[in-house]
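Peer 1: What follows is data_9.txt; its format and atoms are compact mmCIF, C-alpha atoms.
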# COMPACT_ATOMS: atom_id res chain seq x y z
CA MET C 593 -72.28 125.40 151.56
CA GLN C 594 -72.16 128.38 153.90
CA ASP C 595 -75.15 130.67 154.36
CA ILE C 596 -74.99 133.72 152.07
CA LEU C 597 -77.31 136.75 151.93
CA TYR C 598 -77.95 138.90 148.86
CA HIS C 599 -79.42 142.36 149.55
CA PHE C 600 -80.99 144.36 146.71
CA ARG C 601 -81.84 148.07 146.54
CA PHE C 602 -83.78 148.80 143.38
CA ALA C 603 -84.02 152.03 141.39
CA ASP C 604 -87.36 152.99 142.96
CA GLY C 605 -85.86 152.73 146.45
CA THR C 606 -87.44 149.43 147.42
CA ARG C 607 -85.27 146.83 149.10
CA ALA C 608 -85.35 143.05 149.20
CA SER C 609 -83.15 140.20 150.41
CA CYS C 610 -82.64 136.60 149.42
CA ALA C 611 -80.88 134.15 151.70
CA VAL C 612 -78.98 131.19 150.28
CA GLU C 613 -79.12 128.49 152.91
CA ALA C 614 -77.19 125.24 152.82
CA SER C 615 -80.33 123.16 153.43
CA PRO C 616 -83.49 125.24 152.90
CA ASP C 617 -86.85 123.98 154.11
CA VAL C 618 -89.33 123.56 151.25
CA ASP C 619 -93.07 122.91 151.50
CA PRO C 620 -93.95 120.85 148.38
CA ALA C 621 -97.60 121.81 148.72
CA GLY C 622 -96.77 125.47 148.13
CA LEU C 623 -94.64 125.06 145.03
CA PRO C 624 -95.84 126.65 141.76
CA ALA C 625 -96.83 124.52 138.78
CA TRP C 626 -93.71 125.47 136.78
CA THR C 627 -91.54 123.54 139.25
CA ALA C 628 -93.13 120.17 138.37
CA LEU C 629 -90.47 117.82 137.02
CA GLU C 630 -92.39 117.04 133.85
CA PHE C 631 -93.05 120.73 133.07
CA GLN C 632 -90.48 121.55 130.34
CA GLN C 633 -88.35 118.68 131.70
CA CYS C 634 -84.76 118.69 130.43
CA PRO C 635 -84.19 116.14 127.63
CA ASN C 636 -81.16 114.79 129.50
CA CYS C 637 -82.79 114.69 132.96
CA PRO C 638 -82.20 111.32 134.68
CA LEU C 639 -84.93 111.90 137.31
CA GLN C 640 -88.37 110.29 137.36
CA SER C 641 -91.49 112.08 138.58
CA SER C 642 -92.45 109.06 140.66
CA SER C 643 -89.48 109.65 142.95
CA ALA C 644 -88.80 113.35 142.27
CA PRO C 645 -92.08 115.17 141.52
CA HIS C 646 -90.38 118.57 141.34
CA CYS C 647 -87.33 119.79 139.43
CA PRO C 648 -84.69 120.47 142.11
CA MET C 649 -83.24 123.44 140.25
CA ALA C 650 -86.64 125.03 139.75
CA VAL C 651 -87.48 124.55 143.43
CA ARG C 652 -84.23 126.22 144.43
CA LEU C 653 -85.04 129.25 142.26
CA VAL C 654 -88.59 129.81 143.54
CA PRO C 655 -87.79 132.43 146.25
CA LEU C 656 -85.70 134.45 143.81
CA ILE C 657 -88.23 134.28 140.97
CA THR C 658 -90.97 135.40 143.35
CA LEU C 659 -88.82 138.38 144.23
CA ILE C 660 -87.92 139.54 140.70
CA SER C 661 -90.69 138.28 138.41
CA GLU C 662 -91.73 141.83 137.43
CA LEU C 663 -88.24 143.33 136.96
CA SER C 664 -86.74 144.18 133.58
CA SER C 665 -83.21 143.25 132.55
CA PHE C 666 -81.71 146.73 132.49
CA ASP C 667 -83.34 148.14 135.61
CA ARG C 668 -80.62 149.40 137.92
CA VAL C 669 -79.94 147.73 141.25
CA ASP C 670 -77.40 147.99 144.06
CA VAL C 671 -76.41 144.53 145.26
CA HIS C 672 -74.73 143.85 148.60
CA VAL C 673 -73.57 140.29 149.30
CA THR C 674 -72.65 139.15 152.79
CA THR C 675 -70.93 135.90 153.71
CA PRO C 676 -69.38 134.82 157.02
CA GLU C 677 -65.99 136.05 155.73
CA ARG C 678 -66.66 139.24 153.76
CA SER C 679 -69.07 141.67 152.10
CA VAL C 680 -69.13 142.59 148.41
CA SER C 681 -71.14 145.40 146.79
CA LYS C 682 -71.84 146.29 143.17
CA ALA C 683 -74.04 148.76 141.31
CA THR C 684 -75.26 146.98 138.20
CA THR C 685 -78.29 145.91 136.16
CA VAL C 686 -80.93 143.48 137.34
CA GLN C 687 -79.86 140.80 134.88
CA ARG C 688 -76.24 140.88 136.02
CA GLY C 689 -76.96 141.26 139.72
CA ILE C 690 -79.48 138.43 139.69
CA SER C 691 -77.28 136.22 137.51
CA ALA C 692 -74.63 136.08 140.24
CA LEU C 693 -77.20 134.82 142.74
CA MET C 694 -78.76 132.44 140.23
CA GLY C 695 -75.40 130.79 139.62
CA LEU C 696 -75.04 130.13 143.33
CA LEU C 697 -78.57 128.74 143.67
CA VAL C 698 -78.18 126.51 140.61
CA ALA C 699 -74.89 125.07 141.87
CA GLY C 700 -76.44 123.98 145.16
CA SER C 701 -79.80 122.93 143.77
CA GLY C 702 -79.36 119.16 143.76
CA CYS C 703 -79.79 118.91 139.97
CA PRO C 704 -77.76 115.88 138.80
CA HIS C 705 -76.11 118.01 136.11
CA THR C 706 -74.91 120.76 138.44
CA GLY C 707 -73.32 118.68 141.19
CA PHE C 708 -69.83 119.38 139.81
CA LEU C 709 -70.39 123.09 140.61
CA LYS C 710 -70.91 122.56 144.35
CA PRO C 711 -67.25 123.09 145.34
CA MET C 712 -67.29 126.43 143.50
CA ALA C 713 -70.48 127.38 145.33
CA HIS C 714 -68.82 126.57 148.65
CA PHE C 715 -66.16 129.18 147.79
CA HIS C 716 -68.61 131.59 146.16
CA LEU C 717 -67.15 134.65 144.40
CA PRO C 718 -69.89 137.17 143.59
CA PHE C 719 -69.69 138.97 140.24
CA ALA C 720 -66.73 136.96 138.97
CA SER C 721 -65.46 137.89 135.51
CA GLU C 722 -65.36 135.33 132.70
CA GLU C 723 -61.61 134.89 133.20
CA GLU C 724 -62.04 134.41 136.95
CA THR C 725 -64.83 131.89 136.39
CA ILE C 726 -62.80 129.84 133.92
CA TYR C 727 -59.83 129.90 136.30
CA ARG C 728 -62.01 128.76 139.20
CA ALA C 729 -63.80 126.09 137.14
CA ALA C 730 -60.57 124.58 135.83
CA SER C 731 -58.79 124.80 139.19
CA THR C 732 -61.72 123.25 141.05
CA TYR C 733 -62.07 120.42 138.53
CA LEU C 734 -58.35 119.62 138.57
CA LEU C 735 -58.29 119.58 142.37
CA GLY C 736 -61.13 117.07 142.23
CA GLN C 737 -59.08 114.97 139.82
CA TYR C 738 -56.14 115.14 142.24
CA PHE C 739 -58.32 113.76 145.03
CA LEU C 740 -59.63 111.09 142.65
CA ALA C 741 -56.08 110.02 141.72
CA ARG C 742 -55.10 109.80 145.39
CA GLU C 743 -57.96 107.35 145.89
CA GLY C 744 -56.75 105.18 143.02
CA GLY C 745 -58.99 106.54 140.27
CA ALA C 746 -58.01 107.58 136.77
CA ALA C 747 -57.56 111.33 136.73
CA ASP C 748 -58.67 113.49 133.80
CA TRP C 749 -55.89 116.03 133.48
CA ASP C 750 -57.02 117.13 129.99
CA LEU C 751 -60.32 118.60 131.27
CA ALA C 752 -62.37 116.43 128.92
CA GLY C 753 -64.86 115.69 131.70
CA LEU C 754 -65.24 119.36 132.58
CA LYS C 755 -66.02 120.25 128.97
CA ALA C 756 -68.55 117.40 128.76
CA ARG C 757 -70.29 118.59 131.93
CA TYR C 758 -70.68 122.09 130.55
CA LEU C 759 -72.06 120.70 127.29
CA SER C 760 -74.70 118.81 129.28
CA LEU C 761 -75.41 121.97 131.26
CA GLN C 762 -76.30 123.78 128.04
CA THR C 763 -79.22 121.40 127.53
CA VAL C 764 -80.37 121.95 131.10
CA ASN C 765 -80.14 125.71 130.75
CA GLY C 766 -82.24 125.73 127.59
CA ALA C 767 -85.08 123.84 129.28
CA MET C 768 -84.83 125.93 132.44
CA ALA C 769 -85.11 129.16 130.44
CA LYS C 770 -88.42 127.86 129.04
CA ARG C 771 -89.62 127.16 132.59
CA LEU C 772 -88.74 130.65 133.73
CA ARG C 773 -90.59 132.29 130.83
CA SER C 774 -93.74 130.67 132.22
CA ALA C 775 -93.01 131.97 135.72
CA VAL C 776 -92.26 135.68 135.23
CA LEU C 777 -93.96 138.82 133.96
CA ALA C 778 -90.81 140.63 132.76
CA ASP C 779 -87.52 139.56 131.21
CA GLY C 780 -85.07 140.23 134.08
CA ALA C 781 -85.00 136.70 135.47
CA VAL C 782 -84.86 134.99 132.09
CA ASN C 783 -82.03 137.16 130.80
CA ALA C 784 -80.13 136.71 134.06
CA PHE C 785 -80.28 132.97 133.46
CA ILE C 786 -79.25 133.40 129.83
CA LEU C 787 -76.08 135.16 131.02
CA LEU C 788 -75.20 131.99 132.93
CA ASP C 789 -75.87 129.94 129.82
CA LEU C 790 -73.53 132.09 127.73
CA LEU C 791 -70.60 130.92 129.83
CA ALA C 792 -71.75 127.29 129.64
CA LYS C 793 -71.83 127.63 125.85
CA ALA C 794 -68.44 129.33 125.63
CA LEU C 795 -66.40 127.32 128.12
CA PRO C 796 -66.04 123.96 126.29
CA TYR C 797 -64.64 125.75 123.23
CA SER C 798 -62.68 128.61 124.81
CA ILE C 799 -61.18 127.08 127.93
CA ASP C 800 -57.94 125.93 126.27
CA GLU C 801 -57.35 129.37 124.78
CA GLN C 802 -58.23 131.11 128.04
CA LEU C 803 -55.92 128.89 130.06
CA ASP C 804 -53.09 129.57 127.60
CA GLU C 805 -53.51 133.26 128.41
CA ILE C 806 -53.59 132.56 132.15
CA LYS C 807 -50.49 130.38 131.84
CA ALA C 808 -48.31 133.46 131.60
CA THR C 809 -49.02 134.27 135.25
CA PHE C 810 -47.40 130.97 136.29
CA ARG C 811 -44.07 131.63 134.58
Can you present the structure in this file as structure tokens?

Peer 2:
Amino acid sequence: MQDILYHFRFADGTRASCAVEASPDVDPAGLPAWTALEFQQCPNCPLQSSSAPHCPMAVRLVPLITLISELSSFDRVDVHVTTPERSVSKATTVQRGISALMGLLVAGSGCPHTGFLKPMAHFHLPFASEEETIYRAASTYLLGQYFLAREGGAADWDLAGLKARYLSLQTVNGAMAKRLRSAVLADGAVNAFILLDLLAKALPYSIDEQLDEIKATFR
């Protein structure tokens, strides 16, 4: 994943930045208690604390949570995102501006249940709409199935695997929201994460309908 930088200018004039690095350096000794694997561990987590003492998703979110722990959901913020190819800006609320960055961090976190999101993170699209996200999720998954078929595997052209992955992600998101409530002083970070979860909840049941609407553009 390419290096990406999110710049924030908050309503009171203060500014902050959060870099999303492909391979960030993490000092385990400095991690907060809420990142421990067994703290609100996901029911479907395949990791063991003996080999993975910290939740990889929680660890990935630490710099961001430190930055926004006292912000409320509907505080206004100007967000400027820079990548090696382009810059994108948006005036929005804290929960929506942070949610875009959270999605990127989660996808590259190393959590076993978010690995399927890594290709989307590599081609990150800040502030994507629900329709854009469903289009990107389905397209990315089907391209992966194409590569799988070329290597002799059995491709899943019906998107059953994609729906199953998002169902598993719902369980992860529920446990992670509980972690974050223990880490913050205001609701901005938690509600930003809940916005991500809303899509995970909707996608398995709405993707067929959404793709039927998108189909018209291919005629």

Peer 1: Could you check the closest approach to Ser679 in chain C for each of C:His599, C:Ala747, C:Ala699, C:Gln633 and tell me which residue wins, using all atoms listed in the file?

Peer 2: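 With all atoms listed in the file as the atom set, the closest residue is C:His599.
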
Peer 1: Which residues of range 721-753 of chain C come within 9 Å of range 788-794 of chain C, and for each one, what is the closest pair of atoms and their distance in Å to one decimal, counting all atoms listed in the file, sorted by chain and residue number, as a tab-separated table?

Peer 2:
residue	atom	partner	partner_atom	distance
C:Glu722	CA	C:Leu791	CA	7.4
C:Thr725	CA	C:Leu791	CA	8.8
C:Ile726	CA	C:Leu791	CA	8.9

Peer 1: With distances taken over only C-alpha atoms, which residue among C:Ile799, C:Ile690, C:Ala756, C:Ala808 lies nearest His672 in chain C?

Peer 2: C:Ile690

Peer 1: Taking all atoms listed in the file into account, which of C:Val698, C:Leu663, C:Ala625, C:Leu754 comes nearest Asp604 in chain C?

Peer 2: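 Ranking C:Val698, C:Leu663, C:Ala625, C:Leu754 by distance to Asp604 in chain C, first place goes to C:Leu663.
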
Peer 1: So how far away is CA of Ala650 in chain C from CA of Met712 in chain C, in Å?

Peer 2: 19.8 Å

Peer 1: Separation of CA of Pro645 in chain C and CA of Lys770 in chain C, in Å?

Peer 2: 18.2 Å

Peer 1: Hey, could you pull the box centre and edge lengths for range 759-762 of chain C, axis-aligned, 4 Å padding per side, all listed atoms, to one decimal in Å, as JSON?

Peer 2:
{"center_x": -74.2, "center_y": 121.3, "center_z": 129.3, "size_x": 12.2, "size_y": 13.0, "size_z": 12.0}

Peer 1: Would you kindly return, as a PyMOL selection string, each protein, DNA or RNA residue with an atom no farther than 10 Å from any atom of Arg773 in chain C, considering all atoms listed in the file and excluding same-chain residues fewer than 3 positions away?

Peer 2: chain C and resi 626+661+768-770+776-779+781-783

Peer 1: Can you pull out the residues contacting Arg757 in chain C? Cut-off 12 Å, using only C-alpha atoms, and skip same-chain residues under 4 positions away; I want them as a list in words.

Peer 2: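 So, after excluding close chain neighbours, the residues are Asn636, Pro704, His705, Thr706, Gly707, Phe708, Leu709, Ala729, Tyr733, Leu751, Ala752, Gly753, Leu761, Gln762, Thr763, Val764, Ala792, Lys793, Leu795 and Pro796 of chain C.
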
Peer 1: Keeping only C-alpha atoms, take the residues you just selected and write them out as a PDB file, in the frame of the given file.

Peer 2:
ATOM      1  CA  ASN C 636     -81.160 114.790 129.500  1.00  0.00           C
ATOM      2  CA  PRO C 704     -77.760 115.880 138.800  1.00  0.00           C
ATOM      3  CA  HIS C 705     -76.110 118.010 136.110  1.00  0.00           C
ATOM      4  CA  THR C 706     -74.910 120.760 138.440  1.00  0.00           C
ATOM      5  CA  GLY C 707     -73.320 118.680 141.190  1.00  0.00           C
ATOM      6  CA  PHE C 708     -69.830 119.380 139.810  1.00  0.00           C
ATOM      7  CA  LEU C 709     -70.390 123.090 140.610  1.00  0.00           C
ATOM      8  CA  ALA C 729     -63.800 126.090 137.140  1.00  0.00           C
ATOM      9  CA  TYR C 733     -62.070 120.420 138.530  1.00  0.00           C
ATOM     10  CA  LEU C 751     -60.320 118.600 131.270  1.00  0.00           C
ATOM     11  CA  ALA C 752     -62.370 116.430 128.920  1.00  0.00           C
ATOM     12  CA  GLY C 753     -64.860 115.690 131.700  1.00  0.00           C
ATOM     13  CA  LEU C 761     -75.410 121.970 131.260  1.00  0.00           C
ATOM     14  CA  GLN C 762     -76.300 123.780 128.040  1.00  0.00           C
ATOM     15  CA  THR C 763     -79.220 121.400 127.530  1.00  0.00           C
ATOM     16  CA  VAL C 764     -80.370 121.950 131.100  1.00  0.00           C
ATOM     17  CA  ALA C 792     -71.750 127.290 129.640  1.00  0.00           C
ATOM     18  CA  LYS C 793     -71.830 127.630 125.850  1.00  0.00           C
ATOM     19  CA  LEU C 795     -66.400 127.320 128.120  1.00  0.00           C
ATOM     20  CA  PRO C 796     -66.040 123.960 126.290  1.00  0.00           C
TER      21      PRO C 796
END

Peer 1: For Val612 in chain C, work out the shell of residues within 7 Å, counting all atoms listed in the file and skipping chain neighbours fewer than 5 positions away, then give it as a short mmCIF file (atom, residue, chain, number, x, y, z; two decimals) with C-alpha atoms, in the coordinates of the input.

Peer 2:
data_model
loop_
_atom_site.label_atom_id
_atom_site.label_comp_id
_atom_site.auth_asym_id
_atom_site.auth_seq_id
_atom_site.Cartn_x
_atom_site.Cartn_y
_atom_site.Cartn_z
CA ASP C 595 -75.15 130.67 154.36
CA ILE C 596 -74.99 133.72 152.07
CA LEU C 597 -77.31 136.75 151.93
#

Peer 1: I'd like to know which of C:Glu805, C:Ala628, C:Arg688, C:Leu734 is closest to Ser641 in chain C, using all atoms listed in the file.

Peer 2: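 Answer, going by the shortest atom-to-atom distance: C:Ala628.
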